[in-house]
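Source file my_file.csv; content: CSV, C-alpha atoms.
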chain,number,residue,atom,x,y,z
F,1,MET,CA,-30.2,-172.1,21.4
F,2,ARG,CA,-31.6,-175.6,21.8
F,3,ARG,CA,-28.6,-176.7,23.8
F,4,GLY,CA,-29.0,-173.7,26.2
F,5,THR,CA,-32.7,-174.5,26.5
F,6,ARG,CA,-32.1,-178.1,27.4
F,7,SER,CA,-29.5,-177.0,30.0
F,8,MET,CA,-32.0,-174.6,31.5
F,9,SER,CA,-34.7,-177.3,31.5
F,10,ARG,CA,-32.4,-179.6,33.4
F,11,LEU,CA,-31.7,-176.9,36.0
F,12,TYR,CA,-35.4,-176.2,36.6
F,13,ASP,CA,-36.3,-179.9,36.6
F,14,ALA,CA,-33.6,-180.6,39.2
F,15,HIS,CA,-35.0,-177.9,41.5
F,16,LEU,CA,-38.6,-179.0,40.9
F,17,GLU,CA,-37.9,-182.7,41.5
F,18,PRO,CA,-39.2,-182.6,45.1
F,19,SER,CA,-42.6,-181.5,43.8
F,20,GLY,CA,-42.8,-184.4,41.3
F,21,LEU,CA,-43.3,-181.9,38.5
F,22,SER,CA,-41.2,-181.2,35.4
F,23,ILE,CA,-40.7,-177.7,34.2
F,24,SER,CA,-43.2,-178.4,31.4
F,25,GLN,CA,-45.8,-179.6,33.8
F,26,PHE,CA,-45.2,-176.6,36.1
F,27,SER,CA,-45.7,-174.3,33.1
F,28,LEU,CA,-48.9,-176.0,32.1
F,29,LEU,CA,-50.3,-175.8,35.6
F,30,SER,CA,-49.3,-172.1,35.8
F,31,VAL,CA,-51.0,-171.2,32.6
F,32,ILE,CA,-54.2,-173.2,33.5
F,33,ALA,CA,-54.2,-171.5,37.0
F,34,GLN,CA,-54.0,-168.0,35.3
F,35,THR,CA,-56.7,-168.9,32.8
F,36,PRO,CA,-59.3,-171.3,34.3
F,37,ASP,CA,-61.3,-173.2,31.7
F,38,ILE,CA,-58.8,-172.4,29.0
F,39,ARG,CA,-59.6,-174.3,25.8
F,40,SER,CA,-57.2,-176.8,24.4
F,41,ALA,CA,-56.4,-174.8,21.3
F,42,ASP,CA,-55.7,-171.7,23.3
F,43,LEU,CA,-53.5,-173.6,25.7
F,44,GLY,CA,-51.6,-175.1,22.9
F,45,THR,CA,-51.1,-171.6,21.4
F,46,VAL,CA,-49.9,-170.1,24.7
F,47,MET,CA,-47.5,-173.0,25.3
F,48,GLY,CA,-46.3,-173.2,21.7
F,49,MET,CA,-47.3,-176.9,21.6
F,50,GLU,CA,-48.8,-178.9,18.9
F,51,ARG,CA,-52.1,-180.7,19.8
F,52,THR,CA,-50.5,-184.2,20.1
F,53,THR,CA,-47.7,-182.9,22.3
F,54,LEU,CA,-50.2,-180.9,24.4
F,55,VAL,CA,-52.4,-184.0,24.9
F,56,ARG,CA,-49.4,-186.1,25.8
F,57,ASN,CA,-48.3,-183.6,28.4
F,58,LEU,CA,-51.7,-183.0,29.9
F,59,ALA,CA,-52.5,-186.8,30.4
F,60,PRO,CA,-50.3,-187.3,33.4
F,61,LEU,CA,-51.6,-184.1,35.0
F,62,ARG,CA,-55.2,-185.3,34.5
F,63,ASP,CA,-54.4,-188.9,35.6
F,64,SER,CA,-52.8,-187.5,38.8
F,65,GLY,CA,-55.9,-185.5,39.6
F,66,LEU,CA,-54.1,-182.1,39.2
F,67,ILE,CA,-56.3,-180.9,36.4
F,68,GLU,CA,-59.8,-181.6,35.3
F,69,VAL,CA,-61.5,-181.3,31.9
F,70,THR,CA,-64.3,-178.7,31.8
F,71,ARG,CA,-67.1,-178.3,29.3
F,72,ARG,CA,-68.5,-174.9,28.2
F,73,LYS,CA,-72.2,-174.9,28.0
F,74,GLY,CA,-73.4,-175.0,24.4
F,75,GLU,CA,-69.8,-175.6,23.0
F,76,ARG,CA,-68.3,-178.8,21.7
F,77,SER,CA,-64.8,-177.8,22.8
F,78,HIS,CA,-63.5,-178.4,26.3
F,79,GLY,CA,-61.1,-176.7,28.6
F,80,TYR,CA,-59.0,-177.4,31.6
F,81,ALA,CA,-59.0,-176.2,35.2
F,82,LEU,CA,-56.9,-177.0,38.2
F,83,THR,CA,-58.3,-179.2,40.9
F,84,GLU,CA,-57.7,-178.5,44.6
F,85,ASN,CA,-54.8,-180.9,44.4
F,86,GLY,CA,-53.5,-179.1,41.4
F,87,ARG,CA,-53.6,-175.7,43.2
F,88,ALA,CA,-51.8,-177.3,46.2
F,89,ARG,CA,-49.1,-178.9,44.0
F,90,LEU,CA,-48.5,-175.6,42.1
F,91,ALA,CA,-48.2,-173.7,45.4
F,92,GLU,CA,-45.7,-176.3,46.6
F,93,ALA,CA,-43.7,-176.1,43.4
F,94,ARG,CA,-43.6,-172.3,43.1
F,95,PRO,CA,-40.8,-171.7,45.7
F,96,LEU,CA,-38.8,-174.4,44.0
F,97,TRP,CA,-39.2,-172.7,40.6
F,98,LEU,CA,-38.2,-169.4,42.2
F,99,ALA,CA,-35.1,-171.0,43.6
F,100,ALA,CA,-34.2,-172.4,40.2
F,101,GLN,CA,-34.7,-168.9,38.7
F,102,ALA,CA,-32.5,-167.4,41.4
F,103,ALA,CA,-29.8,-170.0,40.8
F,104,PHE,CA,-29.8,-169.2,37.1
F,105,GLU,CA,-29.6,-165.5,37.7
F,106,ARG,CA,-26.7,-165.9,40.2
F,107,GLU,CA,-24.8,-167.8,37.5
F,108,PHE,CA,-25.9,-165.9,34.4
F,109,GLY,CA,-26.4,-162.4,35.9
F,110,ALA,CA,-29.7,-160.7,36.7
F,111,GLU,CA,-29.5,-158.2,33.8
F,112,ARG,CA,-28.5,-160.8,31.2
F,113,SER,CA,-31.3,-163.1,32.5
F,114,ALA,CA,-33.9,-160.4,32.2
F,115,ARG,CA,-32.7,-159.6,28.7
F,116,LEU,CA,-32.7,-163.3,27.8
F,117,ARG,CA,-36.3,-163.7,29.0
F,118,MET,CA,-37.4,-160.7,27.0
F,119,ASP,CA,-35.7,-161.9,23.9
F,120,ASN,CA,-37.2,-165.4,24.3
F,121,LEU,CA,-40.7,-163.9,24.6
F,122,GLU,CA,-40.1,-162.0,21.4
F,123,VAL,CA,-39.0,-165.1,19.6
F,124,GLY,CA,-42.1,-166.9,20.9
F,125,LYS,CA,-44.3,-164.2,19.5
F,126,LEU,CA,-42.8,-164.5,16.0
F,127,ILE,CA,-43.4,-168.3,16.0
F,128,ALA,CA,-46.8,-168.5,17.7
F,129,PRO,CA,-48.5,-165.2,18.6
F,130,PRO,CA,-50.3,-165.1,22.0
F,131,ILE,CA,-54.0,-165.5,22.2
Before anything else, please render the file you have as structure tokens.
Amino acid sequence: MRRGTRSMSRLYDAHLEPSGLSISQFSLLSVIAQTPDIRSADLGTVMGMERTTLVRNLAPLRDSGLIEVTRRKGERSHGYALTENGRARLAEARPLWLAAQAAFEREFGAERSARLRMDNLEVGKLIAPPI
């Protein structure tokens, strides 16, 4: 399973290369776009990442000006939101991601790909339930 996952990551990374984003970065930006001001703990849960891994993956996005740290009034925790540059980069990368997905489906088959995605989501729920 890990070998297959690495192969898929390489496929998506190759397609996303013109955007300057890795598949992990694209995924983080996508989740943050869908859930503005998402708290670190919730983002880690959704992504299935431990805190240190999450922080290490978020740092380049923050340093590049693609995300910003947000503070909720009266709370000590902080969240993340896309900047205007982050929204633009995500919009630029989305067609590249779709092209990677189409390439995978051509090789693997649309029905098998859909089944694999569903199975992968189920495995993820067993390991780290969604928020």
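Between atom CA of F:Leu29 and atom CA of F:Asn85 there is a distance of 11.1 Å.
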Tell me which protein, DNA and RNA residues are within 7 Å of stretch 11-15 of chain F, counting only C-alpha atoms, leaving out same-chain ones fewer than 3 positions away, and put them as an mmCIF file with C-alpha atoms, in the frame of the given file.
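around-v4.cif, written as the output of this step:
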data_model
loop_
_atom_site.group_PDB
_atom_site.id
_atom_site.type_symbol
_atom_site.label_atom_id
_atom_site.label_comp_id
_atom_site.auth_asym_id
_atom_site.auth_seq_id
_atom_site.Cartn_x
_atom_site.Cartn_y
_atom_site.Cartn_z
ATOM 1 C CA SER F 7 -29.500 -177.000 30.000
ATOM 2 C CA MET F 8 -32.000 -174.600 31.500
ATOM 3 C CA SER F 22 -41.200 -181.200 35.400
ATOM 4 C CA ILE F 23 -40.700 -177.700 34.200
ATOM 5 C CA LEU F 96 -38.800 -174.400 44.000
ATOM 6 C CA TRP F 97 -39.200 -172.700 40.600
ATOM 7 C CA ALA F 100 -34.200 -172.400 40.200
#
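With all atoms listed in the file as the basis for measurement, F:Ser30 is the residue among F:Lys73, F:Met47, F:Ser40, F:Ser30 that approaches F:Ala88 most closely.
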May I have the residues within 12 Å of F:Met1 as number ranges by chain, using all atoms listed in the file and disregarding those fewer than 4 positions away in the same chain? F: 5-8, 116, 119-120, 123
Which residues, written as an MDAnalysis selection string, have at least one atom at most 12 Å from F:Met49, with only C-alpha atoms counted and residues fewer than 5 positions away on the same chain left out? chainID F and resid 24 27:28 40:44 54:58 124 127:128
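With distances restricted to all atoms listed in the file, F:Glu68 is the closest residue to F:Ile32 from F:Glu68, F:Glu50, F:Asp63, F:Glu17.
Residues in contact with F:Arg94 at 10 Å, where only C-alpha atoms are counted and same-chain residues fewer than 5 positions away are skipped, are listed as Leu16, Ser19, Phe26, Ser30, Arg89, Ala99 and Ala100 of chain F.
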Quick one: residues within 8 Å of F:Leu61, all atoms listed in the file counted, chain neighbours fewer than 5 positions away excluded, as a short mmCIF file (atom, residue, chain, number, x, y, z; two decimals) with C-alpha atoms, in the frame of the given file?
data_model
loop_
_atom_site.label_atom_id
_atom_site.label_comp_id
_atom_site.auth_asym_id
_atom_site.auth_seq_id
_atom_site.Cartn_x
_atom_site.Cartn_y
_atom_site.Cartn_z
CA GLN F 25 -45.80 -179.60 33.80
CA LEU F 66 -54.10 -182.10 39.20
CA ILE F 67 -56.30 -180.90 36.40
#
Length of the atom CA of F:Arg72 to atom CA of F:Arg39 vector [Å]: 9.2 Å
